[in-house]
$ cat run_32.txt   # compact mmCIF, C-alpha atoms
# COMPACT_ATOMS: atom_id res chain seq x y z
CA THR T 1 106.53 -185.59 18.78
CA THR T 2 104.62 -187.97 21.01
CA LEU T 3 101.34 -186.82 22.48
CA PHE T 4 99.99 -188.34 25.67
CA ARG T 5 96.46 -188.11 26.97
CA SER T 6 95.92 -188.71 30.66
CA TRP T 7 92.72 -189.05 32.60
CA LYS T 8 91.85 -188.17 36.15
CA GLN T 9 89.52 -190.70 37.78
CA THR T 10 87.39 -189.72 40.72
CA LEU T 11 85.23 -192.38 42.37
CA LEU T 12 82.23 -190.96 44.13
CA THR T 13 80.17 -193.22 46.38
CA VAL T 14 76.64 -192.28 47.35
CA PRO T 15 75.23 -193.39 50.72
CA VAL T 16 73.27 -196.61 51.14
CA ARG T 17 69.54 -195.96 50.71
CA THR T 18 66.47 -198.00 51.60
CA ILE T 19 63.76 -198.56 48.97
CA ALA T 20 60.42 -199.83 50.21
CA HIS T 21 57.00 -200.85 48.92
CA PHE T 22 53.83 -201.25 51.03
CA ILE T 23 50.46 -202.91 50.61
CA ARG T 24 47.56 -203.49 53.02
CA VAL T 25 45.70 -206.81 53.15
CA SER T 26 43.02 -208.33 55.34
CA LYS T 27 44.19 -210.01 58.52
CA GLN T 28 42.36 -213.18 57.46
CA SER T 29 44.68 -213.52 54.46
CA LEU T 30 47.51 -214.32 56.88
CA ASP T 31 45.73 -217.61 57.59
CA ASP T 32 46.23 -218.68 54.00
CA VAL T 33 49.99 -219.10 53.81
CA ALA T 34 49.99 -220.21 50.17
CA GLN T 35 47.94 -217.19 49.09
CA LEU T 36 50.14 -214.82 51.07
CA GLN T 37 53.32 -216.32 49.61
CA SER T 38 51.93 -215.89 46.10
CA MET T 39 51.10 -212.25 46.85
CA ILE T 40 54.57 -211.58 48.22
CA ASP T 41 56.29 -213.25 45.27
CA GLY T 42 54.10 -211.42 42.79
CA ARG T 43 52.74 -208.05 43.83
CA MET T 44 55.36 -207.14 46.41
CA SER T 45 58.32 -208.08 44.24
CA LEU T 46 56.87 -206.16 41.29
CA GLY T 47 56.07 -203.11 43.40
CA LEU T 48 59.56 -203.07 44.87
CA GLN T 49 61.08 -203.40 41.38
CA ILE T 50 59.03 -200.44 40.13
CA ALA T 51 60.14 -198.32 43.10
CA GLU T 52 63.76 -199.35 42.49
CA ASP T 53 63.57 -198.47 38.79
CA TYR T 54 62.26 -195.00 39.60
CA GLN T 55 65.01 -194.36 42.14
CA LEU T 56 67.78 -195.66 39.89
CA LEU T 57 66.65 -193.32 37.12
CA ASN T 58 65.16 -190.28 38.83
CA GLY T 59 66.41 -190.17 42.41
CA LEU T 60 67.53 -186.64 43.29
CA GLY T 61 70.33 -187.66 45.66
CA THR T 62 68.72 -185.77 48.55
CA GLY T 63 67.08 -187.12 51.69
CA GLN T 64 66.63 -190.88 51.23
CA ASP T 65 66.89 -190.71 47.43
CA LEU T 66 69.61 -192.39 45.42
CA THR T 67 71.34 -190.23 42.83
CA GLY T 68 69.53 -191.40 39.71
CA LEU T 69 71.15 -191.94 36.34
CA VAL T 70 69.00 -189.22 34.76
CA THR T 71 69.92 -186.80 37.55
CA ALA T 72 73.65 -187.47 37.12
CA SER T 73 73.70 -187.58 33.31
CA LYS T 74 74.84 -184.88 30.90
CA ALA T 75 72.07 -183.19 28.89
CA TYR T 76 71.63 -184.15 25.23
CA ASN T 77 73.26 -181.39 23.19
CA ARG T 78 73.25 -182.55 19.56
CA THR T 79 69.72 -181.59 18.52
CA THR T 80 69.31 -180.89 14.81
CA GLY T 81 66.13 -179.55 13.23
CA GLY T 82 63.95 -182.18 11.59
CA ASP T 83 65.45 -185.15 13.46
CA THR T 84 63.24 -188.18 13.99
CA LYS T 85 63.30 -190.17 17.23
CA LEU T 86 65.72 -192.60 15.58
CA ASP T 87 67.97 -189.72 14.47
CA ALA T 88 68.08 -188.30 17.98
CA LEU T 89 69.07 -191.64 19.50
CA ARG T 90 71.84 -192.09 16.93
CA ARG T 91 73.19 -188.61 17.66
CA ALA T 92 73.04 -189.37 21.39
CA TYR T 93 75.13 -192.47 20.71
CA THR T 94 77.74 -190.20 19.11
CA GLN T 95 77.60 -187.77 22.04
CA VAL T 96 78.59 -190.62 24.35
CA ARG T 97 81.28 -191.74 21.89
CA LEU T 98 82.78 -188.24 21.77
CA SER T 99 83.28 -188.56 25.53
CA GLU T 100 85.50 -191.61 24.84
CA TYR T 101 82.83 -194.14 25.85
CA THR T 102 80.75 -196.52 23.74
CA ALA T 103 77.04 -196.48 24.52
CA ASP T 104 75.60 -199.94 25.13
CA GLY T 105 72.01 -199.15 26.07
CA VAL T 106 69.06 -196.80 25.72
CA ILE T 107 66.20 -196.40 28.19
CA LEU T 108 62.80 -195.28 26.90
CA ASN T 109 59.24 -194.87 28.08
CA PRO T 110 57.06 -197.73 26.73
CA ALA T 111 54.97 -195.26 24.68
CA ASP T 112 58.07 -193.87 22.96
CA TRP T 113 59.40 -197.37 22.26
CA GLU T 114 56.02 -198.23 20.74
CA ALA T 115 56.19 -195.14 18.50
CA ILE T 116 59.62 -196.21 17.24
CA GLU T 117 58.54 -199.78 16.60
CA LEU T 118 55.53 -198.53 14.62
CA LEU T 119 57.54 -196.23 12.36
CA LYS T 120 56.78 -196.90 8.69
CA GLY T 121 58.50 -195.93 5.46
CA THR T 122 56.81 -194.34 2.44
CA ASP T 123 55.93 -197.85 1.28
CA THR T 124 53.86 -198.32 4.51
CA ARG T 125 56.22 -201.09 5.64
CA TYR T 126 57.63 -201.00 9.14
CA VAL T 127 61.10 -199.45 9.15
CA TRP T 128 62.98 -202.21 10.93
CA VAL T 129 60.79 -204.58 12.89
CA ASN T 130 59.49 -207.94 11.69
CA VAL T 131 55.98 -208.15 13.13
CA ASN T 132 56.08 -211.96 13.07
CA ASP T 133 58.63 -212.16 15.87
CA GLY T 134 58.59 -208.60 17.21
CA GLY T 135 62.24 -207.98 16.43
CA ILE T 136 65.16 -207.70 18.83
CA ALA T 137 65.00 -204.79 21.28
CA ARG T 138 68.08 -203.03 19.91
CA LEU T 139 68.71 -199.70 18.19
CA TRP T 140 72.00 -198.47 16.73
CA ARG T 141 73.93 -201.34 18.38
CA MET T 142 72.39 -200.50 21.77
CA ASN T 143 70.10 -202.67 23.89
CA VAL T 144 66.70 -201.10 24.55
CA VAL T 145 64.99 -201.11 27.95
CA ASP T 146 61.48 -199.69 28.24
CA THR T 147 60.21 -198.67 31.66
CA THR T 148 57.45 -196.45 33.00
CA ALA T 149 60.06 -194.92 35.32
CA MET T 150 61.33 -192.96 32.28
CA ALA T 151 59.21 -189.89 31.56
CA GLY T 152 57.46 -189.75 28.20
CA THR T 153 59.43 -188.11 25.32
CA LYS T 154 62.61 -188.45 27.40
CA PHE T 155 65.45 -190.94 26.89
CA LEU T 156 68.74 -191.97 28.42
CA VAL T 157 71.63 -193.26 26.33
CA GLY T 158 74.79 -194.39 28.06
CA ALA T 159 77.70 -196.74 28.53
CA PHE T 160 75.93 -198.43 31.42
CA GLY T 161 78.48 -201.21 31.71
CA MET T 162 81.11 -198.64 32.73
CA GLY T 163 79.20 -195.59 33.90
CA ALA T 164 77.87 -196.82 37.23
CA GLN T 165 77.80 -199.74 39.60
CA LEU T 166 74.95 -200.90 41.83
CA PHE T 167 75.56 -202.55 45.20
CA ASP T 168 72.89 -204.65 46.91
CA ARG T 169 73.62 -204.09 50.59
CA GLN T 170 70.54 -206.01 51.71
CA ASN T 171 68.30 -208.30 49.71
CA ALA T 172 64.55 -207.74 49.77
CA THR T 173 63.05 -208.40 53.20
CA ILE T 174 59.36 -208.74 54.10
CA GLU T 175 57.78 -207.52 57.36
CA VAL T 176 54.16 -207.51 58.55
CA PHE T 177 52.69 -204.79 60.80
CA GLU T 178 49.34 -204.81 62.59
CA GLN T 179 49.82 -201.46 64.32
CA ASP T 180 49.75 -199.12 61.33
CA GLY T 181 47.18 -196.37 60.76
CA THR T 182 43.64 -197.74 61.00
CA ASN T 183 44.67 -201.40 60.68
CA VAL T 184 43.31 -202.47 64.06
CA ARG T 185 39.83 -200.99 63.48
CA GLU T 186 39.64 -202.31 59.92
CA ASN T 187 41.13 -205.74 60.66
CA MET T 188 43.95 -205.15 58.18
CA VAL T 189 47.72 -205.61 58.19
CA THR T 190 50.44 -203.74 56.36
CA ILE T 191 53.08 -205.72 54.48
CA ARG T 192 56.35 -203.95 53.73
CA ALA T 193 59.02 -205.10 51.28
CA GLU T 194 62.31 -203.24 51.32
CA GLU T 195 65.91 -203.46 50.19
CA ARG T 196 69.06 -201.41 50.69
CA LEU T 197 71.05 -200.20 47.71
CA ALA T 198 74.01 -197.99 46.95
CA ARG T 199 75.18 -196.75 43.58
CA SER T 200 78.74 -195.67 42.88
CA GLU T 201 79.34 -193.38 39.95
CA GLU T 202 82.63 -192.93 38.15
CA HIS T 203 83.28 -189.51 36.61
CA THR T 204 86.09 -189.07 34.08
CA SER T 205 87.67 -185.73 33.19
CA GLU T 206 90.54 -184.96 30.85
CA LEU T 207 93.63 -183.32 32.26

$ encode --input "run_32.txt" --output "structure tokens"
Amino acid sequence: TTLFRSWKQTLLTVPVRTIAHFIRVSKQSLDDVAQLQSMIDGRMSLGLQIAEDYQLLNGLGTGQDLTGLVTASKAYNRTTGGDTKLDALRRAYTQVRLSEYTADGVILNPADWEAIELLKGTDTRYVWVNVNDGGIARLWRMNVVDTTAMAGTKFLVGAFGMGAQLFDRQNATIEVFEQDGTNVRENMVTIRAEERLARSEEHTSEL
């Protein structure tokens, strides 16, 4: 007897969304092109990246939100009493594997990643990290990404190489506005950085 397993693939595409970051600066700073360029390259790019990280993880898929990876993910369901943080991440790896995928990454809050790196055995030695070089940011064959966009004590384990795809519909653009709020009275300008993104998500179900 030959058994066949077939899979039904449904590609869902979420709408293109705009992610923006704003700062206010003095109008006089516009006279110093080099200073302004440095600010745009530094603060604005970082602020936009932080806003993007939050949307990619936590967007609710309503209004102008993307559908975030956390929002679209399946809840962790392999909790066992007495598990450490490392145990839970290993069991999450298996949960992904039981869905016929191989997890390739884990996303953690920086405080939780710190707690894992500082784990010590009964001999007071660190469990896995070499403090001389800091170790490689990997756990259970998965790459580790720490970001403040992930809530504390929460984690996301997934096959990110296959689970979703991000489309940059418009690279970051910078615009300057004088007429915004109290800018005219306070001699300020508003600088806005924004980009347009879309994320497609592939769901797999067994027939």

$ residues_around --input "run_32.txt" --residues "Ser73 of chain T" --least-positions-apart "3" --cutoff "10 Å" --atoms "all atoms listed in the file" --output "list in words"
Leu57, Gly68, Leu69, Val70, Tyr76, Leu156, Val157, Gly158 and Gly163 of chain T

$ residues_near_point --input "run_32.txt" --point "(58.1, -190.4, 13.3)" --cutoff "8 Å" --atoms "only C-alpha atoms" --output "NGL selection string"
:T and (84-85 or 115-116 or 119)

$ write_last_selection --input "run_32.txt" --atoms "C-alpha atoms" --output "PDB file, keeping the file's coordinate frame"
ATOM      1  CA  THR T  84      63.240-188.180  13.990  1.00  0.00           C
ATOM      2  CA  LYS T  85      63.300-190.170  17.230  1.00  0.00           C
ATOM      3  CA  ALA T 115      56.190-195.140  18.500  1.00  0.00           C
ATOM      4  CA  ILE T 116      59.620-196.210  17.240  1.00  0.00           C
ATOM      5  CA  LEU T 119      57.540-196.230  12.360  1.00  0.00           C
TER       6      LEU T 119
END

$ closest_residue --input "run_32.txt" --among "T:Ile174, T:Asn77, T:Ala193, T:Arg185" --to "Ser26 of chain T" --atoms "all atoms listed in the file"
T:Arg185

$ closest_residue --input "run_32.txt" --among "T:Asp65, T:Glu175, T:Asp146, T:Asp87" --to "Met44 of chain T" --atoms "all atoms listed in the file"
T:Glu175

$ residues_around --input "run_32.txt" --residues "Ile107 of chain T" --least-positions-apart "6" --cutoff "12 Å" --atoms "all atoms listed in the file" --output "mmCIF file with C-alpha atoms, in the coordinates of the input"
data_model
loop_
_atom_site.group_PDB
_atom_site.id
_atom_site.type_symbol
_atom_site.label_atom_id
_atom_site.label_comp_id
_atom_site.auth_asym_id
_atom_site.auth_seq_id
_atom_site.Cartn_x
_atom_site.Cartn_y
_atom_site.Cartn_z
ATOM 1 C CA ASP T 53 63.570 -198.470 38.790
ATOM 2 C CA LEU T 56 67.780 -195.660 39.890
ATOM 3 C CA LEU T 57 66.650 -193.320 37.120
ATOM 4 C CA LEU T 69 71.150 -191.940 36.340
ATOM 5 C CA VAL T 70 69.000 -189.220 34.760
ATOM 6 C CA LEU T 89 69.070 -191.640 19.500
ATOM 7 C CA ALA T 92 73.040 -189.370 21.390
ATOM 8 C CA TRP T 113 59.400 -197.370 22.260
ATOM 9 C CA ALA T 137 65.000 -204.790 21.280
ATOM 10 C CA ARG T 138 68.080 -203.030 19.910
ATOM 11 C CA LEU T 139 68.710 -199.700 18.190
ATOM 12 C CA MET T 142 72.390 -200.500 21.770
ATOM 13 C CA ASN T 143 70.100 -202.670 23.890
ATOM 14 C CA VAL T 144 66.700 -201.100 24.550
ATOM 15 C CA VAL T 145 64.990 -201.110 27.950
ATOM 16 C CA ASP T 146 61.480 -199.690 28.240
ATOM 17 C CA THR T 147 60.210 -198.670 31.660
ATOM 18 C CA THR T 148 57.450 -196.450 33.000
ATOM 19 C CA ALA T 149 60.060 -194.920 35.320
ATOM 20 C CA MET T 150 61.330 -192.960 32.280
ATOM 21 C CA ALA T 151 59.210 -189.890 31.560
ATOM 22 C CA GLY T 152 57.460 -189.750 28.200
ATOM 23 C CA THR T 153 59.430 -188.110 25.320
ATOM 24 C CA LYS T 154 62.610 -188.450 27.400
ATOM 25 C CA PHE T 155 65.450 -190.940 26.890
ATOM 26 C CA LEU T 156 68.740 -191.970 28.420
ATOM 27 C CA VAL T 157 71.630 -193.260 26.330
ATOM 28 C CA GLY T 158 74.790 -194.390 28.060
ATOM 29 C CA ALA T 159 77.700 -196.740 28.530
ATOM 30 C CA PHE T 160 75.930 -198.430 31.420
#

$ atom_distance --input "run_32.txt" --atom1 "atom CA of Arg78 of chain T" --atom2 "atom CA of Tyr93 of chain T"
10.2 Å

$ atom_distance --input "run_32.txt" --atom1 "atom CA of Val106 of chain T" --atom2 "atom CA of Arg125 of chain T"
24.2 Å

$ atom_distance --input "run_32.txt" --atom1 "atom CA of Lys120 of chain T" --atom2 "atom CA of Gly134 of chain T"
14.6 Å

$ closest_residue --input "run_32.txt" --among "T:Lys74, T:Val184, T:Asn130, T:Glu114" --to "Ser99 of chain T" --atoms "only C-alpha atoms"
T:Lys74

$ closest_residue --input "run_32.txt" --among "T:Ala75, T:Ser38, T:Trp140, T:Gly63" --to "Arg90 of chain T" --atoms "all atoms listed in the file"
T:Trp140

$ residues_around --input "run_32.txt" --residues "Val189 of chain T" --least-positions-apart "3" --cutoff "9 Å" --atoms "all atoms listed in the file" --output "list in words"
Ile23, Arg24, Val25, Ser26, Lys27, Leu30, Val176, Phe177, Glu178, Gln179, Asp180, Asn183, Val184 and Glu186 of chain T

$ write_last_selection --input "run_32.txt" --atoms "C-alpha atoms" --output "CSV table (one decimal), in the frame of the given file"
chain,number,residue,atom,x,y,z
T,23,ILE,CA,50.5,-202.9,50.6
T,24,ARG,CA,47.6,-203.5,53.0
T,25,VAL,CA,45.7,-206.8,53.2
T,26,SER,CA,43.0,-208.3,55.3
T,27,LYS,CA,44.2,-210.0,58.5
T,30,LEU,CA,47.5,-214.3,56.9
T,176,VAL,CA,54.2,-207.5,58.6
T,177,PHE,CA,52.7,-204.8,60.8
T,178,GLU,CA,49.3,-204.8,62.6
T,179,GLN,CA,49.8,-201.5,64.3
T,180,ASP,CA,49.8,-199.1,61.3
T,183,ASN,CA,44.7,-201.4,60.7
T,184,VAL,CA,43.3,-202.5,64.1
T,186,GLU,CA,39.6,-202.3,59.9
